[in-house]
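Participant: I have a structure here, written as structure tokens, and I will follow up with some questions on it.
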Amino acid sequence: MRIVQRAQELILTSSERRIAVDATCGNGHDTLFLLKHFSEVYAFDIQPLAIKRTGEKTAGFKKLHLLQEDFRNIKNHVKNADAIMFNLGFLPGSDRKIKTSDHDSAEAIIRALGILNTGGVMTIACYTQHAGGMEEFLIIKARLEAENIPFELEEGFPGREILIAIKKQPSI
Ligand SMILES: C[S@@+](CC[C@H](N)C(=O)[O-])C[C@H]1O[C@@H](n2cnc3c(N)ncnc32)[C@H](O)[C@@H]1O
């Protein structure tokens, strides 16, 4: 199974379905999915094209907060969440130079875990084939280990994609 599908399956195991965050909304596929299952959705992306595409894809949904913002600043806009999705890399069909990058992604993930409610789920879709993708995955993994955060790994398309899944425990 591709990790984008698996991430959505895991997100639905969150204990509550109130507030969800799409940290990298891109073309809006995950945002649309979250809108169908959660009461309120915050979607972030650093690039205007992604905000435009997501806005078009989700037209008519009043419970969406769509923000052009760096994902390291999610905490400035959202105080708690039941589910958080990160889908790393570049926006398909656009400038590949604008992409998530290792230490920034790791920092954004640690900060976002701070607003994830106990029983909530975070998924991090990592793509290991493009330049820097494997390094980004390894740096995130090392950071989670250094912070003693338990996580599960699932491989999708072999050699190309890995999903990191975190179920928030009271101790994290
Ligand atoms: C793989 S795409 C996301 C795909 C999206 N989830 C979808 O359903 O179409 C990765 C996105 O991360 C965004 N991005 C890169 N750096 C970012 C940052 N620092 N903060 C927020 N978004 C960022 C890119 O602009 C790109 O749209």
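Within each chain, counting starts at residue 1; across the structure tokens, chains are named A, B, ... in the order shown, with ligands numbered 1 upward in that order.
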Taking only C-alpha atoms and all ligand atoms into account, which residues have an atom no farther than 6 Å from ligand 1? I'd like them as a PyMOL selection string.
Facilitator: chain A and resi 24-30+44-47+50+70-71+87-91+98-100
Participant: Would you give me, as a Markdown table, each residue of region 67-101 of chain A having an atom within 8 Å of an atom of region 117-128 of chain A, along with its shortest atom pair and that distance in Å to one decimal, using only C-alpha atoms and sorting by chain and residue number?
Facilitator:
| residue | atom | partner | partner_atom | distance |
| --- | --- | --- | --- | --- |
| A:Asn80 | CA | A:Asn117 | CA | 6.3 |
| A:Ala81 | CA | A:Asn117 | CA | 5.8 |
| A:Asp82 | CA | A:Gly120 | CA | 4.6 |
| A:Ala83 | CA | A:Val121 | CA | 5.0 |
| A:Ile84 | CA | A:Met122 | CA | 4.7 |
| A:Met85 | CA | A:Thr123 | CA | 5.0 |
| A:Phe86 | CA | A:Ile124 | CA | 4.6 |
| A:Asn87 | CA | A:Ala125 | CA | 4.7 |
| A:Leu88 | CA | A:Cys126 | CA | 5.6 |
| A:Gly89 | CA | A:Tyr127 | CA | 6.7 |
Participant: Suppose you want the space between CA of Ile140 (chain A) and CA of Ala165 (chain A); what is it in Å?
Facilitator: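 These atoms are spaced 11.9 Å apart.
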Participant: Using only C-alpha atoms, determine which residues lie at most 9 Å from region 142-155 of chain A, disregarding the query and same-chain residues fewer than 2 positions distant; provide the list as a PyMOL selection string.
Facilitator: chain A and resi 1-3+6+103+106-107+109-110+137-140+157-169+171-172
Participant: If DSSP is run on the backbone, what residues of chain A are alpha helix (DSSP H)? A reply as a JSON list (two decimals) with C-alpha atoms, in the first residue's frame would be ideal.
Facilitator:
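Dumped everything to out-v2.json:
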[["chain", "number", "residue", "atom", "x", "y", "z"],
["A", 3, "ILE", "CA", 2.11, 5.53, 2.28],
["A", 4, "VAL", "CA", -0.35, 8.34, 1.46],
["A", 5, "GLN", "CA", -3.22, 5.85, 1.80],
["A", 6, "ARG", "CA", -1.74, 4.20, 4.88],
["A", 7, "ALA", "CA", -1.24, 7.61, 6.53],
["A", 8, "GLN", "CA", -4.94, 8.36, 6.06],
["A", 9, "GLU", "CA", -5.90, 4.99, 7.56],
["A", 10, "LEU", "CA", -3.74, 5.63, 10.62],
["A", 11, "ILE", "CA", -5.03, 9.17, 11.06],
["A", 29, "HIS", "CA", -5.46, 15.83, -1.14],
["A", 30, "ASP", "CA", -4.84, 15.29, 2.57],
["A", 31, "THR", "CA", -6.63, 18.50, 3.51],
["A", 32, "LEU", "CA", -9.75, 17.35, 1.65],
["A", 33, "PHE", "CA", -9.53, 13.97, 3.38],
["A", 34, "LEU", "CA", -9.21, 15.64, 6.81],
["A", 35, "LEU", "CA", -12.17, 17.92, 6.08],
["A", 36, "LYS", "CA", -14.36, 14.87, 5.52],
["A", 37, "HIS", "CA", -13.48, 13.36, 8.89],
["A", 48, "PRO", "CA", 1.44, 30.40, -2.52],
["A", 49, "LEU", "CA", 0.76, 27.92, -5.33],
["A", 50, "ALA", "CA", -0.03, 25.19, -2.80],
["A", 51, "ILE", "CA", -2.40, 27.49, -0.90],
["A", 52, "LYS", "CA", -4.13, 28.34, -4.18],
["A", 53, "ARG", "CA", -4.48, 24.71, -5.26],
["A", 54, "THR", "CA", -5.70, 23.57, -1.84],
["A", 55, "GLY", "CA", -8.19, 26.46, -1.72],
["A", 56, "GLU", "CA", -9.61, 25.43, -5.08],
["A", 57, "LYS", "CA", -9.82, 21.77, -4.13],
["A", 102, "ASP", "CA", 15.87, 17.82, 7.08],
["A", 103, "HIS", "CA", 16.56, 19.80, 10.28],
["A", 104, "ASP", "CA", 13.66, 22.21, 9.67],
["A", 105, "SER", "CA", 11.30, 19.26, 9.23],
["A", 106, "ALA", "CA", 12.64, 17.55, 12.37],
["A", 107, "GLU", "CA", 12.18, 20.75, 14.36],
["A", 108, "ALA", "CA", 8.66, 21.31, 13.00],
["A", 109, "ILE", "CA", 7.71, 17.74, 13.93],
["A", 110, "ILE", "CA", 8.99, 18.06, 17.52],
["A", 111, "ARG", "CA", 7.17, 21.37, 17.94],
["A", 112, "ALA", "CA", 3.95, 19.95, 16.47],
["A", 113, "LEU", "CA", 4.09, 16.99, 18.86],
["A", 133, "GLY", "CA", 15.05, 12.69, 0.84],
["A", 134, "MET", "CA", 16.85, 9.82, 2.57],
["A", 135, "GLU", "CA", 18.93, 12.27, 4.64],
["A", 136, "GLU", "CA", 15.73, 14.01, 5.70],
["A", 137, "PHE", "CA", 14.19, 10.72, 6.83],
["A", 138, "LEU", "CA", 17.34, 9.73, 8.75],
["A", 139, "ILE", "CA", 17.62, 13.11, 10.49],
["A", 140, "ILE", "CA", 13.97, 13.00, 11.58],
["A", 141, "LYS", "CA", 14.38, 9.43, 12.81],
["A", 142, "ALA", "CA", 17.53, 10.34, 14.76],
["A", 143, "ARG", "CA", 15.80, 13.37, 16.31],
["A", 144, "LEU", "CA", 12.80, 11.28, 17.44],
["A", 145, "GLU", "CA", 15.15, 8.72, 18.98],
["A", 146, "ALA", "CA", 17.16, 11.46, 20.71]]
Participant: CA of Arg72 (chain A) and CA of Gly132 (chain A), how far apart in Å?
Facilitator: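 Taking CA of Gly132 (chain A) and CA of Arg72 (chain A), their separation equals 19.1 Å.
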